[in-house]
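Next up, input_16.csv (CSV, C-alpha atoms and all ligand atoms):
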```csv
chain,number,residue,atom,x,y,z
A,1,ALA,CA,155.7,154.8,133.1
A,2,PRO,CA,158.0,154.8,130.0
A,3,SER,CA,156.7,152.9,127.0
A,4,ASP,CA,157.9,149.4,126.3
A,5,PRO,CA,160.8,149.9,123.8
A,6,ASP,CA,159.9,146.7,121.9
A,7,LEU,CA,156.3,147.9,121.4
A,8,VAL,CA,157.6,151.4,120.4
A,9,ALA,CA,159.8,149.9,117.8
A,10,ARG,CA,157.0,147.7,116.4
A,11,ALA,CA,154.6,150.6,116.2
A,12,ARG,CA,157.2,152.7,114.4
A,13,ALA,CA,158.0,149.9,111.9
A,14,ALA,CA,154.3,149.2,111.2
A,15,LYS,CA,153.6,152.9,110.7
A,16,GLU,CA,156.6,153.1,108.3
A,17,ARG,CA,155.3,150.2,106.3
A,18,LEU,CA,151.9,151.9,105.9
A,19,GLY,CA,153.5,155.2,104.9
A,20,ASP,CA,150.9,157.7,103.5
A,21,LYS,CA,148.2,155.1,103.6
A,22,VAL,CA,147.6,155.8,107.3
A,23,PHE,CA,146.9,159.0,109.2
A,24,VAL,CA,146.8,158.8,113.0
A,25,LEU,CA,144.7,161.2,115.0
A,26,GLY,CA,145.1,161.6,118.8
A,27,HIS,CA,142.8,163.3,121.2
A,28,HIS,CA,144.5,165.3,123.9
A,29,TYR,CA,143.3,162.8,126.6
A,30,GLN,CA,145.2,159.9,125.1
A,31,ARG,CA,148.1,158.3,126.9
A,32,ASP,CA,151.7,159.6,126.2
A,33,GLU,CA,152.6,156.1,124.8
A,34,VAL,CA,149.9,156.6,122.1
A,35,ILE,CA,150.1,160.3,121.5
A,36,GLN,CA,153.8,160.0,120.4
A,37,PHE,CA,152.5,158.2,117.3
A,38,ALA,CA,149.8,160.8,116.4
A,39,ASP,CA,150.3,162.7,113.2
A,40,VAL,CA,148.0,165.3,114.6
A,41,THR,CA,146.6,166.0,118.1
A,42,GLY,CA,143.6,168.1,119.0
A,43,ASP,CA,140.3,168.6,120.7
A,44,SER,CA,137.1,167.1,119.3
A,45,PHE,CA,136.5,170.0,117.0
A,46,LYS,CA,140.0,170.1,115.5
A,47,LEU,CA,140.1,166.4,115.0
A,48,ALA,CA,136.8,166.3,113.2
A,49,ARG,CA,138.1,169.0,110.9
A,50,ASP,CA,141.5,167.3,110.4
A,51,ALA,CA,140.0,163.9,109.7
A,52,ALA,CA,138.0,165.5,106.8
A,53,ALA,CA,141.2,167.2,105.5
A,54,ARG,CA,143.1,164.1,104.8
A,55,PRO,CA,141.5,162.6,101.7
A,56,GLY,CA,144.7,160.9,100.6
A,57,ALA,CA,144.9,158.5,103.6
A,58,GLU,CA,143.2,155.1,103.1
A,59,TYR,CA,143.1,154.5,106.9
A,60,ILE,CA,142.3,157.1,109.6
A,61,VAL,CA,143.4,155.5,112.9
A,62,PHE,CA,141.4,157.4,115.5
A,63,CYS,CA,143.0,157.3,119.0
A,64,GLY,CA,140.1,158.6,120.9
A,65,VAL,CA,136.6,157.4,121.7
A,66,HIS,CA,133.8,155.8,119.6
A,67,PHE,CA,131.7,159.0,118.9
A,68,MET,CA,134.8,160.7,117.6
A,69,ALA,CA,135.6,157.9,115.2
A,70,GLU,CA,131.9,157.8,114.0
A,71,SER,CA,132.1,161.6,113.3
A,72,ALA,CA,135.3,161.1,111.4
A,73,ASP,CA,133.6,158.4,109.3
A,74,ILE,CA,130.7,160.6,108.6
A,75,LEU,CA,132.9,163.5,107.5
A,76,THR,CA,135.3,161.4,105.3
A,77,SER,CA,134.8,159.9,101.9
A,78,ASP,CA,133.3,156.3,101.4
A,79,GLU,CA,136.7,155.0,100.4
A,80,GLN,CA,138.4,156.1,103.6
A,81,LYS,CA,138.3,153.7,106.5
A,82,VAL,CA,138.2,154.9,110.1
A,83,ILE,CA,139.7,152.6,112.6
A,84,LEU,CA,139.3,152.6,116.4
A,85,PRO,CA,142.1,150.6,118.0
A,86,ASP,CA,139.8,149.3,120.8
A,87,LEU,CA,136.1,148.9,120.0
A,88,ALA,CA,135.3,149.1,123.7
A,89,ALA,CA,136.6,152.8,123.9
A,90,GLY,CA,133.1,154.4,124.3
A,91,CYS,CA,132.1,157.4,126.3
A,92,SER,CA,129.7,157.1,129.2
A,93,MET,CA,128.2,160.5,128.5
A,94,ALA,CA,127.4,159.6,124.9
A,95,ASP,CA,125.7,156.5,126.2
A,96,MET,CA,123.3,158.6,128.4
A,97,ALA,CA,121.2,159.5,125.4
A,98,THR,CA,119.8,156.7,123.2
A,99,ALA,CA,117.8,157.2,120.0
A,100,GLU,CA,114.7,155.8,121.5
A,101,GLN,CA,114.9,158.1,124.5
A,102,VAL,CA,115.4,161.1,122.4
A,103,ALA,CA,112.5,160.2,120.1
A,104,GLU,CA,110.3,159.8,123.2
A,105,CYS,CA,111.5,163.2,124.4
A,106,TRP,CA,110.5,164.8,121.1
A,107,ASP,CA,107.0,163.3,121.5
A,108,VAL,CA,106.8,164.9,124.9
A,109,LEU,CA,107.8,168.3,123.4
A,110,THR,CA,105.3,167.8,120.6
A,111,ASP,CA,102.5,167.0,123.1
A,112,ALA,CA,103.4,170.1,125.0
A,113,GLY,CA,102.9,172.0,121.8
A,114,ILE,CA,106.5,173.4,121.7
A,115,ALA,CA,108.4,171.0,119.3
A,116,ASP,CA,108.1,173.4,116.4
A,117,ARG,CA,109.8,176.1,118.4
A,118,VAL,CA,112.7,173.9,119.7
A,119,VAL,CA,116.1,173.6,118.0
A,120,PRO,CA,118.2,170.6,119.0
A,121,VAL,CA,121.9,171.3,119.7
A,122,SER,CA,123.9,168.1,120.4
A,123,TYR,CA,127.3,167.9,121.8
A,124,MET,CA,129.8,166.1,119.7
A,125,ASN,CA,129.9,163.5,122.6
A,126,SER,CA,126.8,161.7,121.3
A,127,SER,CA,126.2,158.7,119.1
A,128,ALA,CA,125.7,159.0,115.3
A,129,ASP,CA,121.9,158.3,115.9
A,130,ILE,CA,121.6,161.4,118.0
A,131,LYS,CA,123.5,163.5,115.5
A,132,SER,CA,121.1,162.2,112.8
A,133,PHE,CA,118.1,163.2,114.9
A,134,THR,CA,119.6,166.6,115.4
A,135,GLY,CA,120.2,167.1,111.7
A,136,GLU,CA,116.7,165.9,110.8
A,137,HIS,CA,115.1,168.4,113.2
A,138,GLY,CA,117.0,171.5,112.0
A,139,GLY,CA,119.7,171.5,114.7
A,140,THR,CA,123.5,171.5,114.9
A,141,ILE,CA,126.3,169.7,116.6
A,142,CYS,CA,128.7,171.6,118.9
A,143,THR,CA,131.9,171.0,120.8
A,144,SER,CA,133.2,172.7,123.9
A,145,SER,CA,135.1,175.1,121.7
A,146,ASN,CA,132.1,176.4,119.7
A,147,ALA,CA,129.2,175.8,122.0
A,148,ARG,CA,128.6,179.6,122.4
A,149,ARG,CA,128.4,180.1,118.6
A,150,ALA,CA,126.2,177.0,118.2
A,151,LEU,CA,123.7,178.2,120.8
A,152,THR,CA,123.7,181.7,119.4
A,153,TRP,CA,122.9,180.3,116.0
A,154,ALA,CA,120.2,178.0,117.4
A,155,PHE,CA,118.4,180.9,119.2
A,156,GLU,CA,118.3,182.7,115.8
A,157,GLN,CA,116.5,179.6,114.3
A,158,GLY,CA,114.0,179.1,117.2
A,159,GLU,CA,112.9,180.2,120.6
A,160,LYS,CA,114.1,177.2,122.6
A,161,VAL,CA,117.0,174.7,122.6
A,162,LEU,CA,117.0,171.1,123.5
A,163,PHE,CA,120.6,170.5,124.5
A,164,LEU,CA,121.9,166.9,124.4
A,165,PRO,CA,123.4,165.1,126.2
A,166,ASP,CA,125.6,167.1,128.6
A,167,GLN,CA,123.6,169.2,130.9
A,168,HIS,CA,126.7,170.9,132.3
A,169,LEU,CA,128.1,172.2,129.0
A,170,GLY,CA,124.5,173.3,128.0
A,171,ARG,CA,123.9,175.2,131.3
A,172,ASN,CA,127.4,176.7,131.5
A,173,THR,CA,127.2,178.0,128.0
A,174,ALA,CA,123.7,179.4,128.4
A,175,VAL,CA,124.5,181.1,131.7
A,176,ARG,CA,128.1,182.2,131.2
A,177,ASP,CA,128.1,183.0,127.5
A,178,LEU,CA,124.6,183.9,126.6
A,179,GLY,CA,123.7,185.6,129.9
A,180,MET,CA,120.7,183.5,130.7
A,181,SER,CA,119.6,182.7,134.3
A,182,LEU,CA,119.6,179.3,135.9
A,183,ASP,CA,115.8,179.5,135.9
A,184,ASP,CA,115.8,179.6,132.1
A,185,CYS,CA,117.1,176.0,132.2
A,186,VAL,CA,115.2,172.8,133.0
A,187,VAL,CA,116.6,169.3,133.1
A,188,TYR,CA,114.8,166.6,131.1
A,189,ASN,CA,115.3,163.2,132.8
A,190,PRO,CA,114.8,160.4,130.3
A,191,HIS,CA,114.1,157.9,133.1
A,192,LYS,CA,111.0,159.7,134.3
A,193,PRO,CA,107.6,160.0,132.6
A,194,ASN,CA,107.5,163.3,130.6
A,195,GLY,CA,111.1,163.8,131.5
A,196,GLY,CA,110.0,164.7,135.1
A,197,LEU,CA,108.7,168.0,133.8
A,198,THR,CA,105.3,169.6,133.6
A,199,GLU,CA,104.0,171.2,130.4
A,200,ARG,CA,104.2,174.5,132.1
A,201,GLN,CA,107.9,174.1,132.9
A,202,LEU,CA,108.6,173.0,129.3
A,203,ARG,CA,106.7,176.0,127.9
A,204,ASP,CA,108.5,178.5,130.2
A,205,ALA,CA,112.0,177.1,129.7
A,206,LYS,CA,114.5,178.5,127.1
A,207,MET,CA,117.0,175.7,127.6
A,208,ILE,CA,115.9,172.1,127.9
A,209,LEU,CA,118.9,170.2,129.2
A,210,TRP,CA,119.2,166.5,128.8
A,211,ARG,CA,120.2,164.8,132.0
A,212,GLY,CA,123.6,163.6,131.0
A,213,HIS,CA,127.1,164.3,132.3
A,214,CYS,CA,130.7,163.3,132.1
A,215,SER,CA,131.6,160.8,134.8
A,216,VAL,CA,135.1,162.2,135.0
A,217,HIS,CA,134.5,166.0,135.0
A,218,GLY,CA,131.4,165.5,137.2
A,219,ARG,CA,133.7,164.6,140.0
A,220,PHE,CA,135.4,168.0,140.4
A,221,SER,CA,133.5,169.9,143.1
A,222,LEU,CA,133.4,173.3,144.7
A,223,ASP,CA,135.5,171.8,147.5
A,224,SER,CA,138.2,170.9,144.9
A,225,VAL,CA,138.4,174.6,143.9
A,226,ARG,CA,138.4,175.8,147.5
A,227,ASP,CA,141.0,173.3,148.6
A,228,VAL,CA,143.5,174.1,145.8
A,229,ARG,CA,143.1,177.8,146.4
A,230,ALA,CA,143.9,177.3,150.1
A,231,ARG,CA,146.8,175.1,149.3
A,232,ILE,CA,148.4,177.2,146.5
A,233,PRO,CA,148.0,180.9,147.0
A,234,GLY,CA,147.7,182.8,143.8
A,235,VAL,CA,146.7,179.7,141.8
A,236,ASN,CA,144.8,180.1,138.5
A,237,VAL,CA,141.9,177.6,138.3
A,238,LEU,CA,141.2,176.5,134.7
A,239,VAL,CA,138.5,173.9,134.0
A,240,HIS,CA,136.7,172.2,131.1
A,241,PRO,CA,133.1,173.3,130.6
A,242,GLU,CA,131.9,169.7,131.3
A,243,CYS,CA,132.4,170.5,135.0
A,244,LYS,CA,129.4,171.3,137.1
A,245,HIS,CA,128.1,174.9,137.0
A,246,GLU,CA,129.3,175.7,140.6
A,247,VAL,CA,132.8,174.6,139.7
A,248,VAL,CA,132.8,176.6,136.5
A,249,ALA,CA,131.5,179.6,138.4
A,250,ALA,CA,134.3,179.4,140.9
A,251,ALA,CA,137.0,178.9,138.3
A,252,ASP,CA,139.1,181.7,136.7
A,253,TYR,CA,139.1,180.3,133.2
A,254,VAL,CA,137.0,177.8,131.3
A,255,GLY,CA,137.6,176.1,128.0
A,256,SER,CA,138.1,173.1,125.7
A,257,THR,CA,141.2,171.0,125.8
A,258,GLU,CA,142.7,173.0,123.0
A,259,TYR,CA,141.9,176.3,124.9
A,260,ILE,CA,143.6,174.9,128.1
A,261,ILE,CA,146.8,174.1,126.2
A,262,LYS,CA,146.9,177.6,124.5
A,263,ALA,CA,146.2,179.3,127.9
A,264,LEU,CA,149.2,177.4,129.4
A,265,GLU,CA,151.4,178.2,126.4
A,266,ALA,CA,150.7,181.9,126.9
A,267,ALA,CA,151.1,181.8,130.7
A,268,PRO,CA,154.0,183.7,132.2
A,269,ALA,CA,156.9,181.9,134.0
A,270,GLY,CA,156.3,181.6,137.7
A,271,SER,CA,152.5,181.3,137.3
A,272,LYS,CA,150.6,178.5,139.1
A,273,TRP,CA,147.7,176.6,137.6
A,274,ALA,CA,145.2,174.0,138.8
A,275,ILE,CA,143.6,172.2,135.9
A,276,GLY,CA,140.2,170.5,136.0
A,277,THR,CA,140.2,168.1,133.0
A,278,GLU,CA,141.3,164.6,132.2
A,279,LEU,CA,144.5,163.5,134.0
A,280,ASN,CA,146.6,162.3,131.0
A,281,LEU,CA,146.5,165.8,129.5
A,282,VAL,CA,147.1,167.5,132.9
A,283,GLN,CA,150.2,165.3,133.6
A,284,ARG,CA,151.6,165.9,130.1
A,285,LEU,CA,151.1,169.6,130.5
A,286,ALA,CA,152.7,169.6,133.9
A,287,ASN,CA,155.8,167.8,132.5
A,288,ARG,CA,155.9,170.0,129.4
A,289,PHE,CA,155.8,173.3,131.2
A,290,ALA,CA,157.8,172.6,134.4
A,291,PRO,CA,161.1,173.5,132.7
A,292,GLU,CA,159.6,176.9,131.9
A,293,GLY,CA,158.8,177.5,135.6
A,294,LYS,CA,155.1,177.1,135.3
A,295,GLU,CA,153.6,175.0,138.1
A,296,ILE,CA,150.7,172.9,137.0
A,297,VAL,CA,148.7,170.7,139.3
A,298,PHE,CA,145.6,168.5,138.9
A,299,LEU,CA,142.5,170.2,140.3
A,300,ASP,CA,141.5,167.2,142.5
A,301,ARG,CA,143.8,164.3,143.1
A,302,THR,CA,140.9,162.0,143.9
A,303,VAL,CA,139.6,162.2,140.3
A,304,CYS,CA,140.8,159.4,138.0
A,305,PHE,CA,141.6,159.0,134.3
A,306,CYS,CA,138.9,158.7,131.7
A,307,SER,CA,138.8,154.9,131.7
A,308,THR,CA,137.5,154.6,128.1
A,309,MET,CA,140.1,157.0,126.6
A,310,ASN,CA,142.7,154.9,128.4
A,311,ARG,CA,141.6,151.8,126.7
A,312,ILE,CA,143.6,152.8,123.7
A,313,ASP,CA,147.0,151.8,124.8
A,314,LEU,CA,150.2,151.0,123.0
A,315,PRO,CA,149.5,147.2,122.6
A,316,HIS,CA,146.2,148.0,120.9
A,317,LEU,CA,147.8,150.6,118.7
A,318,VAL,CA,150.6,148.1,117.7
A,319,TRP,CA,148.1,145.4,116.9
A,320,THR,CA,146.0,147.8,114.8
A,321,LEU,CA,148.9,149.2,112.8
A,322,GLU,CA,150.5,145.8,112.3
A,323,SER,CA,147.1,144.3,111.1
A,324,LEU,CA,146.6,147.1,108.7
A,325,ALA,CA,150.2,146.8,107.4
A,326,ASP,CA,149.5,143.1,106.8
A,327,GLY,CA,146.4,144.0,104.8
A,328,LYS,CA,144.0,142.9,107.5
A,329,GLU,CA,141.3,145.5,108.1
A,330,VAL,CA,140.4,145.6,111.8
A,331,ASN,CA,138.0,147.6,114.0
A,332,ARG,CA,136.5,149.7,111.3
A,333,ILE,CA,133.9,152.2,112.4
A,334,GLN,CA,131.2,152.6,109.8
A,335,VAL,CA,128.0,154.6,110.2
A,336,ASP,CA,125.2,153.4,107.9
A,337,ARG,CA,124.0,155.6,105.1
A,338,LYS,CA,120.6,156.3,106.5
A,339,THR,CA,122.0,157.6,109.8
A,340,SER,CA,125.0,159.3,108.2
A,341,ASP,CA,123.1,161.6,105.9
A,342,PHE,CA,121.3,163.7,108.5
A,343,ALA,CA,124.2,163.4,110.9
A,344,GLN,CA,126.5,164.8,108.2
A,345,LEU,CA,124.0,167.7,107.8
A,346,ALA,CA,124.2,168.5,111.5
A,347,LEU,CA,128.0,168.3,111.5
A,348,GLU,CA,128.3,170.5,108.5
A,349,ARG,CA,126.1,173.1,110.2
A,350,MET,CA,128.6,173.1,113.0
A,351,LEU,CA,131.6,173.4,110.6
A,352,ALA,CA,129.8,176.4,108.9
A,353,LEU,CA,129.1,178.2,112.2
A,354,PRO,CA,130.2,181.9,111.9
B,401,LIG,P1,137.4,168.6,123.9
B,401,LIG,O1,136.5,168.9,122.7
B,401,LIG,O2,137.5,169.8,124.8
B,401,LIG,O3,138.6,168.0,123.5
B,401,LIG,O4,136.6,167.6,124.9
B,401,LIG,C1,136.3,166.3,124.5
B,401,LIG,C2,135.9,165.5,125.7
B,401,LIG,O5,135.5,164.3,125.6
B,401,LIG,C3,135.9,166.1,127.0
B,401,LIG,O6,135.6,165.2,127.9
B,402,LIG,FE1,133.4,160.9,127.7
B,402,LIG,FE2,134.0,162.2,129.9
B,402,LIG,FE3,135.7,160.5,128.8
B,402,LIG,FE4,135.3,162.8,127.6
B,402,LIG,S1,136.2,162.5,129.6
B,402,LIG,S2,135.3,160.8,126.7
B,402,LIG,S3,133.1,163.1,128.1
B,402,LIG,S4,133.7,160.0,129.7
```
Take the structure in the file and give it back as structure tokens.
Ligand code: 13P
Ligand code: SF4
Amino acid sequence: APSDPDLVARARAAKERLGDKVFVLGHHYQRDEVIQFADVTGDSFKLARDAAARPGAEYIVFCGVHFMAESADILTSDEQKVILPDLAAGCSMADMATAEQVAECWDVLTDAGIADRVVPVSYMNSSADIKSFTGEHGGTICTSSNARRALTWAFEQGEKVLFLPDQHLGRNTAVRDLGMSLDDCVVYNPHKPNGGLTERQLRDAKMILWRGHCSVHGRFSLDSVRDVRARIPGVNVLVHPECKHEVVAAADYVGSTEYIIKALEAAPAGSKWAIGTELNLVQRLANRFAPEGKEIVFLDRTVCFCSTMNRIDLPHLVWTLESLADGKEVNRIQVDRKTSDFAQLALERMLALP
């Protein structure tokens, strides 16, 4: 639906009043009504880097989800304030690994006698606590655009990787990019004693995958791929690596949101694409590329929007910008010093990956 013109005018006016004091970041999954006000758009990696590259702005308004705003706070100076327009915009995957659960897992690895050979690699989609744990134990953060480099780096530091919290990104990267077999991977279930694994399984595994997943991407299935191939002959299937391994294995191309956009920019006129990622982005790309004769469809019409990304809507953005312009600081995301030190170390290891 087109944005409410009154709200658009108010957002524009508030942003103008703030001028250089504000910098608005927008993740690719954000609604059109919000993305039109972003000074920069990107995938999680690009936005983390861009947040750090704006030292002049007093307010970084992060249109995305909580873990992204936390990472921006960790990477920016103490004077800069990171604002999340709706504090309820979390990420169900990030919530699947808590600090207590991960500490317990480390005890299990220690008891199995392998902790000193394990390097943690945590997906950006995790809380600052988990990032801190990762930094403290010699590990790095990764995003879907550098997971391959992060894992390669980790296997230079140690023999095994504990991959948190997205089992699918971990498995897909290990198998597709590093040539491991599915048998090299085990899944640690935080709700079971010892993760549901024997010491033997832990000792034999190369990749210990946390049992987390994305509730949106997890809904694409092998049938989604088969159905779209039957419906649209010659279609190219392009999916995000948060999809299940069988979906990724059946797809033609796999990559981050930024990769998906670049692939479609480079696609020839007349080509057909089925995209397996969040619906706001797919709809925007379908509209953008239709005039160039590129046919873009959503991989599975039964899959819905990411409900937490969608919480950031134009009314929340208007309220945020107007409050800041009136000198009222709202919805600041601030990671405490103790957590932020090791979390920063882990994030900087990612930014320094070759
Ligand atoms: P990207 O890093 O590819 O933008 O993915 C972020 C995300 O949350 C995917 O669900
Ligand atoms: Fe989290 Fe999935 Fe939404 Fe990305 S799409 S923010 S991983 S729930």
Given the choices A:Ile130, A:Met180, A:Val228, A:Val186, which gets closest to Gln101 of chain A if the distance is worked out from all atoms listed in the file?
->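 Among the listed residues, the smallest separation from Gln101 of chain A belongs to A:Ile130.
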Restricting the calculation to all atoms listed in the file, which member of A:Asp313, A:Asp227, A:Glu58, A:Asp326 is positioned closest to Phe298 of chain A?
->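 That would be A:Asp227, the residue with the smallest distance to Phe298 of chain A.
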Nearest-residue call for ligand LIG 402 (chain B), choices A:Gly56, A:Pro241, A:Gly255, A:Pro193, using all atoms listed in the file |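 Checking each of A:Gly56, A:Pro241, A:Gly255, A:Pro193 against ligand LIG 402 (chain B), counting all atoms listed in the file, the winner is A:Pro241.
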Please check which protein, DNA or RNA residues sit within 8 Å of ligand LIG 402 (chain B), counting only C-alpha atoms and all ligand atoms, and write them as a PyMOL selection string.
-> chain A and resi 29+64-65+90-94+125+213-217+242+277-278+305-309
What would the file look like if the residues just selected were written as an mmCIF file, in the frame of the given file with C-alpha atoms?
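Saved to selection_16.cif:
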```
data_model
loop_
_atom_site.group_PDB
_atom_site.id
_atom_site.type_symbol
_atom_site.label_atom_id
_atom_site.label_comp_id
_atom_site.auth_asym_id
_atom_site.auth_seq_id
_atom_site.Cartn_x
_atom_site.Cartn_y
_atom_site.Cartn_z
ATOM 1 C CA TYR A 29 143.300 162.800 126.600
ATOM 2 C CA GLY A 64 140.100 158.600 120.900
ATOM 3 C CA VAL A 65 136.600 157.400 121.700
ATOM 4 C CA GLY A 90 133.100 154.400 124.300
ATOM 5 C CA CYS A 91 132.100 157.400 126.300
ATOM 6 C CA SER A 92 129.700 157.100 129.200
ATOM 7 C CA MET A 93 128.200 160.500 128.500
ATOM 8 C CA ALA A 94 127.400 159.600 124.900
ATOM 9 C CA ASN A 125 129.900 163.500 122.600
ATOM 10 C CA HIS A 213 127.100 164.300 132.300
ATOM 11 C CA CYS A 214 130.700 163.300 132.100
ATOM 12 C CA SER A 215 131.600 160.800 134.800
ATOM 13 C CA VAL A 216 135.100 162.200 135.000
ATOM 14 C CA HIS A 217 134.500 166.000 135.000
ATOM 15 C CA GLU A 242 131.900 169.700 131.300
ATOM 16 C CA THR A 277 140.200 168.100 133.000
ATOM 17 C CA GLU A 278 141.300 164.600 132.200
ATOM 18 C CA PHE A 305 141.600 159.000 134.300
ATOM 19 C CA CYS A 306 138.900 158.700 131.700
ATOM 20 C CA SER A 307 138.800 154.900 131.700
ATOM 21 C CA THR A 308 137.500 154.600 128.100
ATOM 22 C CA MET A 309 140.100 157.000 126.600
#
```
How would you write, as a short mmCIF file (atom, residue, chain, number, x, y, z; two decimals) with C-alpha atoms, in the coordinates of the input, the set of residues no farther than 7 Å from ligand LIG 401 (chain B) when counting all atoms listed in the file?
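Dumped everything to result39.cif:
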```cif
data_model
loop_
_atom_site.label_atom_id
_atom_site.label_comp_id
_atom_site.auth_asym_id
_atom_site.auth_seq_id
_atom_site.Cartn_x
_atom_site.Cartn_y
_atom_site.Cartn_z
CA HIS A 27 142.80 163.30 121.20
CA HIS A 28 144.50 165.30 123.90
CA GLY A 42 143.60 168.10 119.00
CA ASP A 43 140.30 168.60 120.70
CA SER A 44 137.10 167.10 119.30
CA PHE A 45 136.50 170.00 117.00
CA ASN A 125 129.90 163.50 122.60
CA THR A 143 131.90 171.00 120.80
CA SER A 144 133.20 172.70 123.90
CA SER A 145 135.10 175.10 121.70
CA CYS A 214 130.70 163.30 132.10
CA HIS A 240 136.70 172.20 131.10
CA GLU A 242 131.90 169.70 131.30
CA SER A 256 138.10 173.10 125.70
CA THR A 257 141.20 171.00 125.80
CA GLU A 258 142.70 173.00 123.00
#
```
Who sits within 7 Å of segment 196-210 of chain A, all atoms listed in the file, same chain under 5 positions skipped, as a count of residues only = 18
Taking (120.4, 163.2, 114.6) in the file's coordinates as the center, which residues reach within 12 Å of it, counting all atoms listed in the file, put as a PyMOL selection string?
-> chain A and resi 71+97-100+102-103+106+119-124+126-141+164+338-347
Identify the residues within 9 Å of coordinate (123.2, 178.9, 121.4) (same frame as the file), considering all atoms listed in the file, and give the answer as a PyMOL selection string.
-> chain A and resi 121+147-156+161+170+173-174+177-178
Using only C-alpha atoms, find the one residue out of A:Asp183, A:Ala38, A:Val175, A:Gly195 that sits nearest to Cys105 of chain A.
-> A:Gly195
Point out the residue among A:Ala52, A:Val254, A:Ile35, A:Ala57 with the least atom-to-atom distance to Asp20 of chain A, counting all atoms listed in the file.
->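 Counting all atoms listed in the file, the residue closest to Asp20 of chain A is A:Ala57.
One distance worth recording is that between atom CA of Met68 of chain A and atom CA of Thr320 of chain A, which is 17.3 Å.
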Please complete segment 39-51 of chain A with N, CA and C atoms and give it back as an mmCIF file, in the coordinates of the input.
```
data_model
loop_
_atom_site.group_PDB
_atom_site.id
_atom_site.type_symbol
_atom_site.label_atom_id
_atom_site.label_comp_id
_atom_site.auth_asym_id
_atom_site.auth_seq_id
_atom_site.Cartn_x
_atom_site.Cartn_y
_atom_site.Cartn_z
ATOM 1 N N ASP A 39 149.825 161.725 114.186
ATOM 2 C CA ASP A 39 150.300 162.700 113.200
ATOM 3 C C ASP A 39 149.714 164.068 113.520
ATOM 4 N N VAL A 40 148.571 164.070 114.197
ATOM 5 C CA VAL A 40 148.000 165.300 114.600
ATOM 6 C C VAL A 40 147.273 165.096 115.951
ATOM 7 N N THR A 41 147.335 166.071 116.858
ATOM 8 C CA THR A 41 146.600 166.000 118.100
ATOM 9 C C THR A 41 145.593 167.126 118.141
ATOM 10 N N GLY A 42 144.540 166.981 118.932
ATOM 11 C CA GLY A 42 143.600 168.100 119.000
ATOM 12 C C GLY A 42 142.437 167.815 119.926
ATOM 13 N N ASP A 43 141.561 168.835 120.027
ATOM 14 C CA ASP A 43 140.300 168.600 120.700
ATOM 15 C C ASP A 43 139.304 168.035 119.753
ATOM 16 N N SER A 44 138.091 167.789 120.196
ATOM 17 C CA SER A 44 137.100 167.100 119.300
ATOM 18 C C SER A 44 136.860 167.858 118.047
ATOM 19 N N PHE A 45 136.807 169.175 118.149
ATOM 20 C CA PHE A 45 136.500 170.000 117.000
ATOM 21 C C PHE A 45 137.628 169.893 115.946
ATOM 22 N N LYS A 46 138.845 170.117 116.420
ATOM 23 C CA LYS A 46 140.000 170.100 115.500
ATOM 24 C C LYS A 46 140.162 168.756 114.862
ATOM 25 N N LEU A 47 139.954 167.690 115.612
ATOM 26 C CA LEU A 47 140.100 166.400 115.000
ATOM 27 C C LEU A 47 139.068 166.042 113.999
ATOM 28 N N ALA A 48 137.849 166.517 114.216
ATOM 29 C CA ALA A 48 136.800 166.300 113.200
ATOM 30 C C ALA A 48 137.172 166.998 111.920
ATOM 31 N N ARG A 49 137.676 168.203 112.043
ATOM 32 C CA ARG A 49 138.100 169.000 110.900
ATOM 33 C C ARG A 49 139.301 168.313 110.184
ATOM 34 N N ASP A 50 140.264 167.892 110.984
ATOM 35 C CA ASP A 50 141.500 167.300 110.400
ATOM 36 C C ASP A 50 141.217 165.975 109.750
ATOM 37 N N ALA A 51 140.290 165.196 110.290
ATOM 38 C CA ALA A 51 140.000 163.900 109.700
ATOM 39 C C ALA A 51 139.451 164.161 108.257
#
```
